[in-house]
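Q: Sending over my_file_10.txt (compact mmCIF, C-alpha atoms).
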```txt
# COMPACT_ATOMS: atom_id res chain seq x y z
CA MET F 1 -95.82 109.67 35.46
CA LEU F 2 -92.22 108.53 36.10
CA SER F 3 -90.38 106.75 33.33
CA ASP F 4 -88.55 103.46 33.94
CA LYS F 5 -85.29 105.40 34.02
CA ASP F 6 -86.58 107.78 36.68
CA LYS F 7 -87.78 104.93 38.86
CA GLY F 8 -84.34 103.33 39.04
CA LEU F 9 -81.37 104.30 41.17
CA SER F 10 -78.85 106.75 39.80
CA ASN F 11 -75.26 105.60 39.33
CA LYS F 12 -74.25 107.60 42.41
CA GLU F 13 -76.91 105.88 44.52
CA LYS F 14 -75.84 102.50 43.19
CA VAL F 15 -72.23 103.22 44.13
CA GLU F 16 -73.26 104.29 47.63
CA PHE F 17 -75.42 101.18 48.06
CA LEU F 18 -72.65 98.87 46.84
CA MET F 19 -70.10 100.58 49.08
CA LYS F 20 -72.31 99.81 52.08
CA GLU F 21 -72.75 96.23 50.87
CA LYS F 22 -68.98 95.90 50.54
CA GLU F 23 -68.40 97.25 54.05
CA ILE F 24 -70.95 94.84 55.56
CA THR F 25 -69.31 91.91 53.77
CA ARG F 26 -65.85 92.98 54.95
CA GLN F 27 -67.14 93.13 58.52
CA GLU F 28 -68.33 89.55 58.12
CA ILE F 29 -64.84 88.57 56.98
CA TYR F 30 -63.33 90.26 60.06
CA MET F 31 -65.76 88.26 62.19
CA TYR F 32 -64.54 85.00 60.64
CA VAL F 33 -60.89 86.00 61.10
CA LYS F 34 -61.52 86.85 64.75
CA ALA F 35 -63.34 83.54 65.25
CA ASN F 36 -60.41 81.70 63.69
CA LEU F 37 -57.89 83.39 65.99
CA THR F 38 -60.04 82.69 69.05
CA MET F 39 -60.36 79.06 68.01
CA MET F 40 -56.59 78.75 67.54
CA PHE F 41 -55.76 80.20 70.96
CA SER F 42 -58.39 77.97 72.58
CA TYR F 43 -56.91 74.92 70.86
CA ILE F 44 -53.40 75.78 72.05
CA THR F 45 -54.68 76.17 75.62
CA ILE F 46 -56.62 72.87 75.56
CA LEU F 47 -53.72 71.05 73.90
CA GLY F 48 -51.38 72.34 76.60
CA ALA F 49 -53.74 70.98 79.26
CA PHE F 50 -53.89 67.57 77.57
CA LEU F 51 -50.11 67.36 77.25
CA GLY F 52 -49.79 68.48 80.87
CA PHE F 53 -51.91 65.50 81.92
CA TYR F 54 -49.95 63.16 79.67
CA TYR F 55 -46.41 64.20 80.65
CA GLY F 56 -47.24 65.38 84.18
CA LYS F 57 -46.61 63.52 87.42
CA ILE F 58 -50.27 62.68 87.86
CA ASP F 59 -50.71 58.94 88.38
CA ILE F 60 -52.85 57.85 85.44
CA CYS F 61 -53.16 54.42 83.84
CA PRO F 62 -50.93 54.26 80.69
CA LEU F 63 -53.94 53.25 78.59
CA TYR F 64 -55.82 56.34 79.72
CA LYS F 65 -52.78 58.43 78.89
CA ASN F 66 -52.86 57.04 75.37
CA TYR F 67 -56.52 57.92 75.10
CA ILE F 68 -55.66 61.46 76.15
CA LEU F 69 -53.36 61.66 73.14
CA LEU F 70 -56.09 60.22 70.94
CA ILE F 71 -58.54 62.90 72.12
CA ALA F 72 -55.92 65.62 71.56
CA GLU F 73 -55.25 64.30 68.05
CA GLN F 74 -58.94 64.22 67.11
CA LEU F 75 -59.43 67.66 68.62
CA GLY F 76 -56.62 68.93 66.41
CA TYR F 77 -58.31 67.34 63.40
CA CYS F 78 -61.64 69.05 64.21
CA ILE F 79 -59.87 72.39 64.62
CA LEU F 80 -58.11 71.91 61.26
CA VAL F 81 -61.46 71.15 59.57
CA LEU F 82 -63.01 74.25 61.14
CA ASN F 83 -59.98 76.28 60.07
CA LEU F 84 -60.41 75.21 56.45
CA ASN F 85 -64.16 75.88 56.65
CA LEU F 86 -63.49 79.42 57.85
CA HIS F 87 -61.00 79.97 55.02
CA SER F 88 -63.63 78.67 52.61
CA SER F 89 -66.19 81.17 53.94
CA ILE F 90 -63.66 84.00 53.81
CA GLY F 91 -62.75 83.09 50.23
CA SER F 92 -66.40 83.05 49.17
CA LEU F 93 -66.99 86.48 50.70
CA ALA F 94 -63.81 87.84 49.12
CA GLY F 95 -65.00 86.63 45.71
CA TYR F 96 -68.30 88.39 46.30
CA ILE F 97 -66.48 91.61 47.25
CA ARG F 98 -64.50 91.39 44.02
CA SER F 99 -67.75 91.32 42.02
CA ILE F 100 -69.08 94.25 44.06
CA GLU F 101 -65.94 96.29 43.36
CA GLU F 102 -66.27 95.69 39.63
CA ARG F 103 -69.85 97.02 39.73
CA ILE F 104 -68.76 100.00 41.84
CA ASN F 105 -66.05 100.88 39.34
CA PHE F 106 -68.47 100.40 36.44
CA TYR F 107 -71.11 102.74 37.88
CA ALA F 108 -68.50 105.25 39.05
CA GLY F 109 -66.83 105.33 35.64
CA GLU F 110 -63.36 104.88 37.19
CA ASP F 111 -61.43 102.47 39.41
CA ILE F 112 -62.28 103.87 42.82
CA SER F 113 -62.42 100.47 44.57
CA GLN F 114 -59.43 98.22 43.95
CA TRP F 115 -58.70 96.03 46.98
CA GLU F 116 -60.01 92.66 45.71
CA THR F 117 -59.97 93.44 41.97
CA LYS F 118 -56.43 94.80 41.78
CA ILE F 119 -54.39 94.47 44.98
CA VAL F 120 -55.45 91.00 46.15
CA TYR F 121 -56.38 89.33 42.86
CA GLU F 122 -53.51 90.66 40.73
CA TYR F 123 -50.74 91.65 43.18
CA TYR F 124 -50.92 89.36 46.23
CA ARG F 125 -51.60 86.25 44.14
CA LYS F 126 -47.93 86.25 43.12
CA ILE F 127 -45.73 84.33 45.55
CA LYS F 128 -43.11 87.09 45.71
CA ASN F 129 -45.80 89.59 46.76
CA LEU F 130 -47.40 87.56 49.56
CA SER F 131 -48.31 89.65 52.58
CA GLY F 132 -47.34 88.88 56.16
CA ALA F 133 -50.98 88.03 56.95
CA GLN F 134 -51.11 85.49 54.10
CA ILE F 135 -47.82 83.89 55.13
CA SER F 136 -48.88 83.64 58.79
CA THR F 137 -52.24 82.13 57.75
CA PHE F 138 -50.54 79.48 55.62
CA PHE F 139 -48.04 78.83 58.40
CA ILE F 140 -50.74 78.33 61.05
CA THR F 141 -52.68 75.98 58.77
CA PHE F 142 -49.47 74.08 58.02
CA LEU F 143 -48.70 73.75 61.74
CA LEU F 144 -52.19 72.43 62.37
CA GLY F 145 -51.78 69.88 59.59
CA ALA F 146 -48.30 68.88 60.81
CA SER F 147 -49.60 68.55 64.38
CA PHE F 148 -52.43 66.30 63.26
CA LEU F 149 -50.07 64.15 61.16
CA PHE F 150 -47.59 63.84 64.05
CA TYR F 151 -50.24 62.75 66.53
CA ALA F 152 -51.80 60.42 63.97
CA ILE F 153 -48.45 58.62 63.64
CA ILE F 154 -48.06 58.46 67.43
CA ILE F 155 -51.59 57.08 67.83
CA GLN F 156 -50.93 54.49 65.15
CA ILE F 157 -47.77 53.38 66.97
CA LEU F 158 -49.52 53.25 70.36
CA PHE F 159 -52.76 51.57 69.31
CA GLY F 160 -52.03 49.93 65.98
CA GLY F 161 -54.78 48.09 64.14
CA TYR F 162 -56.53 48.59 60.82
CA ILE F 163 -59.30 50.70 62.32
CA TYR F 164 -56.93 53.59 62.99
CA ILE F 165 -55.33 53.21 59.57
CA LEU F 166 -58.78 53.49 57.97
CA LEU F 167 -59.76 56.37 60.26
CA HIS F 168 -56.66 58.42 59.52
CA SER F 169 -56.76 57.60 55.81
CA PHE F 170 -60.35 58.81 55.59
CA GLU F 171 -59.56 61.95 57.61
CA PHE F 172 -56.51 62.75 55.48
CA ILE F 173 -58.40 62.34 52.19
CA PHE F 174 -61.26 64.48 53.51
CA LEU F 175 -58.77 67.20 54.49
CA LEU F 176 -57.23 67.21 51.01
CA ILE F 177 -60.66 67.54 49.39
CA LEU F 178 -61.66 70.29 51.82
CA ALA F 179 -58.39 72.17 51.26
CA LYS F 180 -58.81 71.99 47.47
CA LEU F 181 -62.38 73.27 47.70
CA SER F 182 -61.48 76.08 50.09
CA LEU F 183 -58.75 77.31 47.73
CA SER F 184 -61.22 77.52 44.82
CA ASP F 185 -64.16 79.08 46.69
CA ARG F 186 -63.00 82.65 46.02
CA ASN F 187 -63.15 82.21 42.25
CA LYS F 188 -66.34 80.10 42.33
CA SER F 189 -68.14 82.75 44.37
CA TYR F 190 -66.96 85.49 42.01
CA GLU F 191 -67.91 83.60 38.86
CA PHE F 192 -71.36 82.66 40.23
CA THR F 193 -72.11 86.25 41.28
CA LYS F 194 -70.80 87.57 37.97
CA MET F 195 -72.97 85.14 36.02
CA ASN F 196 -76.08 86.22 37.92
CA GLN F 197 -75.28 89.88 37.34
CA ASP F 198 -74.82 89.29 33.62
CA ASN F 199 -78.19 87.53 33.44
CA GLU F 200 -80.04 90.43 35.09
```
Using the file provided, produce a representation of the structure as structure tokens.

A:
Amino acid sequence: MLSDKDKGLSNKEKVEFLMKEKEITRQEIYMYVKANLTMMFSYITILGAFLGFYYGKIDICPLYKNYILLIAEQLGYCILVLNLNLHSSIGSLAGYIRSIEERINFYAGEDISQWETKIVYEYYRKIKNLSGAQISTFFITFLLGASFLFYAIIIQILFGGYIYILLHSFEFIFLLILAKLSLSDRNKSYEFTKMNQDNE
């Protein structure tokens, strides 16, 4: 009869299993990154079409032109929300990968997996060590936010009224909350996974 020890996985098998789990999770992150890039290029294309209608020589009622800007502004807001949601998902998965790497290194008896635990968490977290990918990601998100703010001001000038002040105030506050949550999702995911592992 097999003992409890014999029934379990060996450390080598655990490392192999966790390596596969890590690879699957990284593939999911790549999927989110690809989706984000596709979404950004689509937004730029649609925004160009809207601005073409607005500034083009097509004879459109001025009120309709203003509504075109309003649609473009709200589209930019939706894209910004989706962008932050994708970053939140990526951060959660990255936190999970960090917990996986710690288990891999524990079962292997040495630091054989270091991307999230060492390189990202300890090295790239410092401003002076930011990678080009991180800088470009922040820059794109900043441009989206600046674009939304610019069009929100234009819409407020064109339409006026308290309803747009309330709408933009609510949207801005929601974006701040979402941005704060997305920045903390990496650590929350790691801490939650770590806590569950410790309780096993």

Q: May I have the residues within 12 Å of Leu37 (chain F) as a PyMOL selection string, using all atoms listed in the file and disregarding those fewer than 2 positions away in the same chain?

A: chain F and resi 30-35+39-44+79+82-83+86-87+136-137+140-141

Q: Interatomic distance between CA of Ile173 (chain F) and CA of Leu70 (chain F)?

A: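 Spanning CA of Ile173 (chain F) to CA of Leu70 (chain F) is a straight-line distance of 19.0 Å.
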
Q: I'd like the interatomic distance between CA of Lys180 (chain F) and CA of Val81 (chain F), to a tenth of an Å.

A: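 Interatomic distance, CA of Lys180 (chain F) to CA of Val81 (chain F): 12.4 Å.
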
Q: Please return as a PDB file with C-alpha atoms, in the coordinates of the input every residue within 9 Å of (-65.1, 81.9, 54.9), taking into account only C-alpha atoms and the file's own coordinates.

A:
```pdb
ATOM      1  CA  GLU F  28     -68.330  89.550  58.120  1.00  0.00           C
ATOM      2  CA  ILE F  29     -64.840  88.570  56.980  1.00  0.00           C
ATOM      3  CA  TYR F  32     -64.540  85.000  60.640  1.00  0.00           C
ATOM      4  CA  VAL F  33     -60.890  86.000  61.100  1.00  0.00           C
ATOM      5  CA  LEU F  84     -60.410  75.210  56.450  1.00  0.00           C
ATOM      6  CA  ASN F  85     -64.160  75.880  56.650  1.00  0.00           C
ATOM      7  CA  LEU F  86     -63.490  79.420  57.850  1.00  0.00           C
ATOM      8  CA  HIS F  87     -61.000  79.970  55.020  1.00  0.00           C
ATOM      9  CA  SER F  88     -63.630  78.670  52.610  1.00  0.00           C
ATOM     10  CA  SER F  89     -66.190  81.170  53.940  1.00  0.00           C
ATOM     11  CA  ILE F  90     -63.660  84.000  53.810  1.00  0.00           C
ATOM     12  CA  GLY F  91     -62.750  83.090  50.230  1.00  0.00           C
ATOM     13  CA  SER F  92     -66.400  83.050  49.170  1.00  0.00           C
ATOM     14  CA  LEU F  93     -66.990  86.480  50.700  1.00  0.00           C
ATOM     15  CA  ALA F  94     -63.810  87.840  49.120  1.00  0.00           C
ATOM     16  CA  SER F 182     -61.480  76.080  50.090  1.00  0.00           C
ATOM     17  CA  ASP F 185     -64.160  79.080  46.690  1.00  0.00           C
TER      18      ASP F 185
END
```

Q: Need to verify the contact set: region 11-24 of chain F, 10 Å, all atoms listed in the file, exclusion of same-chain residues closer than 2 positions in sequence. Can you return it as a PyMOL selection string?

A: chain F and resi 8-9+26-30+93-94+96-101+103-109+113

Q: Between F:Ile153, F:Ile112, F:Ala49, F:Leu80, which one has atoms that come closest to Ile68 (chain F), using only C-alpha atoms?

A: F:Ala49

Q: For CA of Leu178 (chain F) and CA of Phe148 (chain F), determine how far apart the two atoms are, in Å to one decimal place.

A: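 The value is 15.2 Å.
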
Q: Give me the residues within 9 Å of region 167-172 of chain F as a list of chain:residue names, counting all atoms listed in the file and dropping any in the same chain fewer than 5 places off.

A: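 Contacts, with the query itself left out: F:Tyr77, F:Leu149, F:Ala152, F:Gln156, F:Tyr162, F:Ile177.
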
Q: Give the answer as one residue: which of F:Glu191, F:Gly145, F:Ile155, F:Asn196 has the shortest atom-to-atom distance to Lys65 (chain F), using all atoms listed in the file?

A: F:Ile155

Q: Please, which residues are within 10 Å of (-55.1, 69.2, 74.5) by the file's coordinates, counting only C-alpha atoms, and could they come as a ChimeraX atom specification?

A: /F:42-54,68-76
